[in-house]
Amino acid sequence: MADQPVESSFAAQISRVVASSFSNASEQDFKEVVKTIWYSEENLVETLSFVISHRLEGDDQKRRLLYMVERFRRFGCVTQNKKKALRDFVQEWSHLQPDHVDARSMRLVEDHRLEEMACSWGLNEDLSARLQEVLRFQTRHYADTVGSRNGYSEAEPE
């Protein structure tokens, strides 16, 4: 079982997505990574821990991964337990956040051309340009077609 993250398609896909600029990631990999963050019932923290510890090269790739997880864990389609587990994972790696942000990045935030969350991770790009590719997958209708627990089904009375 310990070898599973090594073979995980999610591990390979998220490694490719954060390997360089988000704009360079393939649309297919990006969509699959986001849908996995939102809907997978597997232990993503185990896989993410493996990826960040063994597959990623340098702090920039790790920061992109952490920002991406932090950004997408906040959507309403994510279960409360998964939100907490992913939040705890990100907090475990918060030491990678820079102590201060450069002036250029701050100007981008002030001009609304960079999300503050991305800036807090020391990134000069965010995920806003890629959101249109995945927003349809976070709807209640799509979540119901997935057939797994989701944040919307948690909110419904039993």
# chains A, B, ... in the order shown; residues from 1 in each chain; ligands from 1
$ closest_atom_pairs --of "segment 16-56 of chain A" --to "segment 62-73 of chain A" --cutoff "9 Å" --atoms "only C-alpha atoms" --output "tab-separated table"
residue	atom	partner	partner_atom	distance
A:Val17	CA	A:Leu65	CA	8.4
A:Val18	CA	A:Arg64	CA	5.6
A:Ala19	CA	A:Arg64	CA	8.4
A:Ser20	CA	A:Arg64	CA	8.6
A:Ser21	CA	A:Arg64	CA	8.5
A:Phe22	CA	A:Arg64	CA	8.2
A:Val34	CA	A:Phe72	CA	7.0
A:Ile37	CA	A:Arg73	CA	6.9
A:Trp38	CA	A:Arg73	CA	6.9
A:Leu48	CA	A:Leu65	CA	8.6
A:Val51	CA	A:Lys62	CA	8.9
A:Ile52	CA	A:Lys62	CA	6.0
A:Ser53	CA	A:Lys62	CA	8.9
A:Leu56	CA	A:Lys62	CA	6.4
$ write_last_selection --atoms "N, CA and C atoms" --output "compact mmCIF listing (two decimals), in the first residue's frame"
# COMPACT_ATOMS: atom_id res chain seq x y z
N VAL A 17 1.44 19.39 -13.50
CA VAL A 17 0.74 20.68 -13.44
C VAL A 17 1.60 21.72 -12.73
N VAL A 18 2.28 21.35 -11.66
CA VAL A 18 3.05 22.33 -10.89
C VAL A 18 4.52 22.39 -11.29
N ALA A 19 4.92 21.62 -12.30
CA ALA A 19 6.33 21.58 -12.71
C ALA A 19 6.81 22.93 -13.23
N SER A 20 5.93 23.69 -13.85
CA SER A 20 6.27 25.03 -14.32
C SER A 20 5.02 25.88 -14.23
N SER A 21 4.99 26.96 -14.92
CA SER A 21 3.86 27.88 -14.88
C SER A 21 2.53 27.15 -15.07
N PHE A 22 1.51 27.57 -14.33
CA PHE A 22 0.18 26.97 -14.48
C PHE A 22 -0.30 27.06 -15.92
N VAL A 34 -7.89 18.95 -10.50
CA VAL A 34 -8.92 19.70 -9.76
C VAL A 34 -10.08 18.79 -9.39
N ILE A 37 -9.05 16.65 -6.49
CA ILE A 37 -9.07 17.41 -5.24
C ILE A 37 -10.50 17.54 -4.75
N TRP A 38 -11.41 17.82 -5.65
CA TRP A 38 -12.79 18.04 -5.26
C TRP A 38 -13.54 16.77 -4.87
N LEU A 48 -0.25 13.55 -1.74
CA LEU A 48 0.35 14.88 -1.80
C LEU A 48 1.65 14.95 -0.99
N VAL A 51 4.27 13.33 -3.10
CA VAL A 51 4.64 14.18 -4.23
C VAL A 51 5.54 15.33 -3.78
N ILE A 52 5.14 16.02 -2.72
CA ILE A 52 5.90 17.20 -2.29
C ILE A 52 7.27 16.80 -1.72
N SER A 53 7.35 15.61 -1.15
CA SER A 53 8.62 15.16 -0.55
C SER A 53 9.56 14.49 -1.55
N LEU A 56 8.81 16.63 -6.40
CA LEU A 56 8.95 18.02 -6.81
C LEU A 56 10.37 18.52 -6.57
$ residues_around --residues "Val45 of chain A" --least-positions-apart "4" --cutoff "9 Å" --atoms "only C-alpha atoms" --output "compact mmCIF listing (two decimals) with C-alpha atoms, in the first residue's frame"
# COMPACT_ATOMS: atom_id res chain seq x y z
CA SER A 49 2.90 14.25 0.96
CA PHE A 50 4.69 11.79 -1.28
CA ALA A 85 -7.33 17.37 6.01
CA LEU A 86 -6.10 19.47 3.08
CA PHE A 89 -1.56 19.41 4.97
$ atom_distance --atom1 "atom CA of Glu125 of chain A" --atom2 "atom CA of Val109 of chain A"
10.2 Å
$ residues_around --residues "segment 100-104 of chain A" --least-positions-apart "6" --cutoff "8 Å" --atoms "only C-alpha atoms" --output "PyMOL selection string"
chain A and resi 119-120+122
$ atom_distance --atom1 "atom CA of Asn124 of chain A" --atom2 "atom CA of Met106 of chain A"
9.5 Å
$ atom_distance --atom1 "atom CA of Ser105 of chain A" --atom2 "atom CA of His54 of chain A"
28.8 Å
$ residues_around --residues "Ser23 of chain A" --least-positions-apart "6" --cutoff "10 Å" --atoms "only C-alpha atoms" --output "list in words"
Val17, Phe30, Glu125, Asp126, Leu127, Ala129 and Arg130 of chain A
$ write_last_selection --atoms "N, CA and C atoms" --output "PDB file, in the first residue's frame"
ATOM      1  N   VAL A  17       1.435  19.385 -13.500  1.00  0.00           N
ATOM      2  CA  VAL A  17       0.745  20.677 -13.439  1.00  0.00           C
ATOM      3  C   VAL A  17       1.597  21.723 -12.730  1.00  0.00           C
ATOM      4  N   PHE A  30      -4.802  19.422 -15.797  1.00  0.00           N
ATOM      5  CA  PHE A  30      -5.348  20.423 -14.884  1.00  0.00           C
ATOM      6  C   PHE A  30      -6.752  20.034 -14.430  1.00  0.00           C
ATOM      7  N   GLU A 125       2.072  34.266 -10.361  1.00  0.00           N
ATOM      8  CA  GLU A 125       0.926  33.901 -11.186  1.00  0.00           C
ATOM      9  C   GLU A 125      -0.088  33.198 -10.296  1.00  0.00           C
ATOM     10  N   ASP A 126      -1.336  33.249 -10.716  1.00  0.00           N
ATOM     11  CA  ASP A 126      -2.369  32.562  -9.954  1.00  0.00           C
ATOM     12  C   ASP A 126      -3.167  31.656 -10.888  1.00  0.00           C
ATOM     13  N   LEU A 127      -4.241  31.115 -10.367  1.00  0.00           N
ATOM     14  CA  LEU A 127      -5.046  30.159 -11.126  1.00  0.00           C
ATOM     15  C   LEU A 127      -6.262  30.789 -11.787  1.00  0.00           C
ATOM     16  N   ALA A 129      -6.788  32.528 -14.424  1.00  0.00           N
ATOM     17  CA  ALA A 129      -6.916  32.344 -15.873  1.00  0.00           C
ATOM     18  C   ALA A 129      -7.364  30.933 -16.242  1.00  0.00           C
ATOM     19  N   ARG A 130      -7.199  29.989 -15.334  1.00  0.00           N
ATOM     20  CA  ARG A 130      -7.556  28.594 -15.614  1.00  0.00           C
ATOM     21  C   ARG A 130      -8.908  28.194 -15.022  1.00  0.00           C
TER      22      ARG A 130
END
$ residues_around --residues "Ser9 of chain A" --least-positions-apart "5" --cutoff "10 Å" --atoms "only C-alpha atoms" --output "MDAnalysis selection string"
chainID A and resid 4 14:15 29 32:33
$ closest_residue --among "A:Glu92, A:Gln13, A:Ser40, A:Thr79" --to "Gln28 of chain A" --atoms "only C-alpha atoms"
A:Gln13
$ select_by_dssp --residues "chain A" --states "helix (DSSP H, G or I)" --output "NGL selection string"
:A and (4-7 or 9-18 or 22-24 or 27-39 or 44-55 or 58-73 or 80-92 or 94-96 or 103-110 or 116-120 or 128-133 or 135-138 or 140-146 or 151-155)
$ decode --residues "segment 11-150 of chain A" --atoms "C-alpha atoms" --output "mmCIF file, in the first residue's frame"
data_model
loop_
_atom_site.group_PDB
_atom_site.id
_atom_site.type_symbol
_atom_site.label_atom_id
_atom_site.label_comp_id
_atom_site.auth_asym_id
_atom_site.auth_seq_id
_atom_site.Cartn_x
_atom_site.Cartn_y
_atom_site.Cartn_z
ATOM 1 C CA ALA A 11 0.609 12.015 -8.354
ATOM 2 C CA ALA A 12 1.912 12.126 -11.921
ATOM 3 C CA GLN A 13 -0.688 14.650 -13.052
ATOM 4 C CA ILE A 14 -0.236 17.101 -10.192
ATOM 5 C CA SER A 15 3.545 16.827 -10.570
ATOM 6 C CA ARG A 16 3.203 17.858 -14.219
ATOM 7 C CA VAL A 17 0.745 20.677 -13.439
ATOM 8 C CA VAL A 18 3.048 22.329 -10.888
ATOM 9 C CA ALA A 19 6.326 21.582 -12.710
ATOM 10 C CA SER A 20 6.274 25.029 -14.317
ATOM 11 C CA SER A 21 3.858 27.884 -14.876
ATOM 12 C CA PHE A 22 0.183 26.967 -14.477
ATOM 13 C CA SER A 23 -0.384 28.302 -17.988
ATOM 14 C CA ASN A 24 1.908 25.553 -19.332
ATOM 15 C CA ALA A 25 -0.070 22.698 -17.761
ATOM 16 C CA SER A 26 -2.153 20.588 -20.108
ATOM 17 C CA GLU A 27 -5.884 21.195 -19.901
ATOM 18 C CA GLN A 28 -6.513 17.479 -19.329
ATOM 19 C CA ASP A 29 -4.041 17.206 -16.429
ATOM 20 C CA PHE A 30 -5.348 20.423 -14.884
ATOM 21 C CA LYS A 31 -8.987 19.294 -15.030
ATOM 22 C CA GLU A 32 -8.213 15.849 -13.632
ATOM 23 C CA VAL A 33 -6.177 17.265 -10.748
ATOM 24 C CA VAL A 34 -8.915 19.699 -9.762
ATOM 25 C CA LYS A 35 -11.664 17.058 -10.017
ATOM 26 C CA THR A 36 -9.558 14.723 -7.884
ATOM 27 C CA ILE A 37 -9.066 17.407 -5.236
ATOM 28 C CA TRP A 38 -12.794 18.044 -5.256
ATOM 29 C CA TYR A 39 -14.237 14.535 -5.458
ATOM 30 C CA SER A 40 -11.748 11.739 -4.833
ATOM 31 C CA GLU A 41 -12.451 9.622 -1.785
ATOM 32 C CA GLU A 42 -8.844 8.409 -1.661
ATOM 33 C CA ASN A 43 -6.392 9.694 0.939
ATOM 34 C CA LEU A 44 -5.047 12.647 -1.016
ATOM 35 C CA VAL A 45 -2.871 13.836 1.854
ATOM 36 C CA GLU A 46 -0.791 10.664 1.621
ATOM 37 C CA THR A 47 -0.297 11.150 -2.108
ATOM 38 C CA LEU A 48 0.354 14.882 -1.801
ATOM 39 C CA SER A 49 2.896 14.253 0.963
ATOM 40 C CA PHE A 50 4.691 11.786 -1.277
ATOM 41 C CA VAL A 51 4.644 14.182 -4.234
ATOM 42 C CA ILE A 52 5.904 17.197 -2.293
ATOM 43 C CA SER A 53 8.617 15.159 -0.553
ATOM 44 C CA HIS A 54 9.852 13.010 -3.443
ATOM 45 C CA ARG A 55 8.698 14.259 -6.827
ATOM 46 C CA LEU A 56 8.955 18.025 -6.814
ATOM 47 C CA GLU A 57 12.172 19.888 -7.432
ATOM 48 C CA GLY A 58 12.620 23.154 -5.618
ATOM 49 C CA ASP A 59 10.453 25.370 -3.497
ATOM 50 C CA ASP A 60 8.680 27.002 -6.467
ATOM 51 C CA GLN A 61 7.063 23.721 -7.500
ATOM 52 C CA LYS A 62 6.132 22.983 -3.892
ATOM 53 C CA ARG A 63 4.618 26.440 -3.471
ATOM 54 C CA ARG A 64 2.563 26.008 -6.646
ATOM 55 C CA LEU A 65 1.246 22.696 -5.323
ATOM 56 C CA LEU A 66 0.393 24.153 -1.912
ATOM 57 C CA TYR A 67 -1.308 27.197 -3.412
ATOM 58 C CA MET A 68 -3.310 24.993 -5.786
ATOM 59 C CA VAL A 69 -4.470 22.695 -2.986
ATOM 60 C CA GLU A 70 -5.305 25.661 -0.755
ATOM 61 C CA ARG A 71 -7.209 27.401 -3.559
ATOM 62 C CA PHE A 72 -9.327 24.432 -4.638
ATOM 63 C CA ARG A 73 -10.001 22.932 -1.206
ATOM 64 C CA ARG A 74 -12.171 25.959 -0.402
ATOM 65 C CA PHE A 75 -14.920 25.207 -2.931
ATOM 66 C CA GLY A 76 -18.351 24.165 -1.669
ATOM 67 C CA CYS A 77 -18.198 20.799 -3.425
ATOM 68 C CA VAL A 78 -15.425 19.621 -1.062
ATOM 69 C CA THR A 79 -16.485 17.716 2.049
ATOM 70 C CA GLN A 80 -15.729 19.271 5.422
ATOM 71 C CA ASN A 81 -13.427 16.399 6.399
ATOM 72 C CA LYS A 82 -11.412 16.758 3.210
ATOM 73 C CA LYS A 83 -11.235 20.546 3.613
ATOM 74 C CA LYS A 84 -9.795 20.076 7.081
ATOM 75 C CA ALA A 85 -7.333 17.371 6.008
ATOM 76 C CA LEU A 86 -6.099 19.472 3.080
ATOM 77 C CA ARG A 87 -5.906 22.602 5.255
ATOM 78 C CA ASP A 88 -3.798 20.689 7.777
ATOM 79 C CA PHE A 89 -1.558 19.411 4.970
ATOM 80 C CA VAL A 90 -0.998 22.936 3.642
ATOM 81 C CA GLN A 91 -0.327 24.281 7.143
ATOM 82 C CA GLU A 92 2.254 21.548 7.682
ATOM 83 C CA TRP A 93 4.221 23.049 4.785
ATOM 84 C CA SER A 94 3.538 26.715 5.573
ATOM 85 C CA HIS A 95 7.230 27.231 6.341
ATOM 86 C CA LEU A 96 7.679 27.465 2.553
ATOM 87 C CA GLN A 97 5.774 30.752 2.477
ATOM 88 C CA PRO A 98 8.200 33.652 2.064
ATOM 89 C CA ASP A 99 8.686 36.031 4.966
ATOM 90 C CA HIS A 100 8.037 39.022 2.722
ATOM 91 C CA VAL A 101 6.623 39.613 -0.733
ATOM 92 C CA ASP A 102 8.443 41.562 -3.429
ATOM 93 C CA ALA A 103 7.114 44.948 -4.523
ATOM 94 C CA ARG A 104 6.252 43.731 -8.037
ATOM 95 C CA SER A 105 3.948 41.040 -6.671
ATOM 96 C CA MET A 106 2.304 43.512 -4.312
ATOM 97 C CA ARG A 107 1.594 45.842 -7.252
ATOM 98 C CA LEU A 108 0.026 42.933 -9.140
ATOM 99 C CA VAL A 109 -2.233 42.230 -6.153
ATOM 100 C CA GLU A 110 -3.158 45.901 -5.830
ATOM 101 C CA ASP A 111 -3.971 46.018 -9.565
ATOM 102 C CA HIS A 112 -6.133 42.875 -9.182
ATOM 103 C CA ARG A 113 -3.873 40.937 -11.542
ATOM 104 C CA LEU A 114 -2.691 38.454 -8.904
ATOM 105 C CA GLU A 115 -4.656 36.714 -6.164
ATOM 106 C CA GLU A 116 -3.482 37.593 -2.688
ATOM 107 C CA MET A 117 -3.306 33.884 -1.815
ATOM 108 C CA ALA A 118 -0.881 33.221 -4.688
ATOM 109 C CA CYS A 119 1.173 36.216 -3.626
ATOM 110 C CA SER A 120 1.329 34.896 -0.059
ATOM 111 C CA TRP A 121 2.998 31.765 -1.464
ATOM 112 C CA GLY A 122 5.593 33.876 -3.276
ATOM 113 C CA LEU A 123 4.086 33.213 -6.696
ATOM 114 C CA ASN A 124 3.842 35.706 -9.557
ATOM 115 C CA GLU A 125 0.926 33.901 -11.186
ATOM 116 C CA ASP A 126 -2.369 32.562 -9.954
ATOM 117 C CA LEU A 127 -5.046 30.159 -11.126
ATOM 118 C CA SER A 128 -7.664 32.724 -12.152
ATOM 119 C CA ALA A 129 -6.916 32.344 -15.873
ATOM 120 C CA ARG A 130 -7.556 28.594 -15.614
ATOM 121 C CA LEU A 131 -10.757 28.691 -13.529
ATOM 122 C CA GLN A 132 -13.108 28.715 -16.525
ATOM 123 C CA GLU A 133 -11.803 25.275 -17.474
ATOM 124 C CA VAL A 134 -13.037 23.713 -14.231
ATOM 125 C CA LEU A 135 -15.904 25.767 -12.823
ATOM 126 C CA ARG A 136 -18.543 23.555 -14.451
ATOM 127 C CA PHE A 137 -17.195 20.611 -12.447
ATOM 128 C CA GLN A 138 -17.924 22.228 -9.075
ATOM 129 C CA THR A 139 -21.660 22.654 -9.587
ATOM 130 C CA ARG A 140 -24.203 20.744 -7.510
ATOM 131 C CA HIS A 141 -25.472 19.079 -10.701
ATOM 132 C CA TYR A 142 -22.031 17.797 -11.690
ATOM 133 C CA ALA A 143 -21.245 16.750 -8.116
ATOM 134 C CA ASP A 144 -24.393 14.598 -8.094
ATOM 135 C CA THR A 145 -23.266 12.815 -11.280
ATOM 136 C CA VAL A 146 -19.917 11.881 -9.728
ATOM 137 C CA GLY A 147 -21.562 9.575 -7.230
ATOM 138 C CA SER A 148 -19.176 10.241 -4.354
ATOM 139 C CA ARG A 149 -19.597 12.224 -1.166
ATOM 140 C CA ASN A 150 -19.298 15.927 -1.745
#
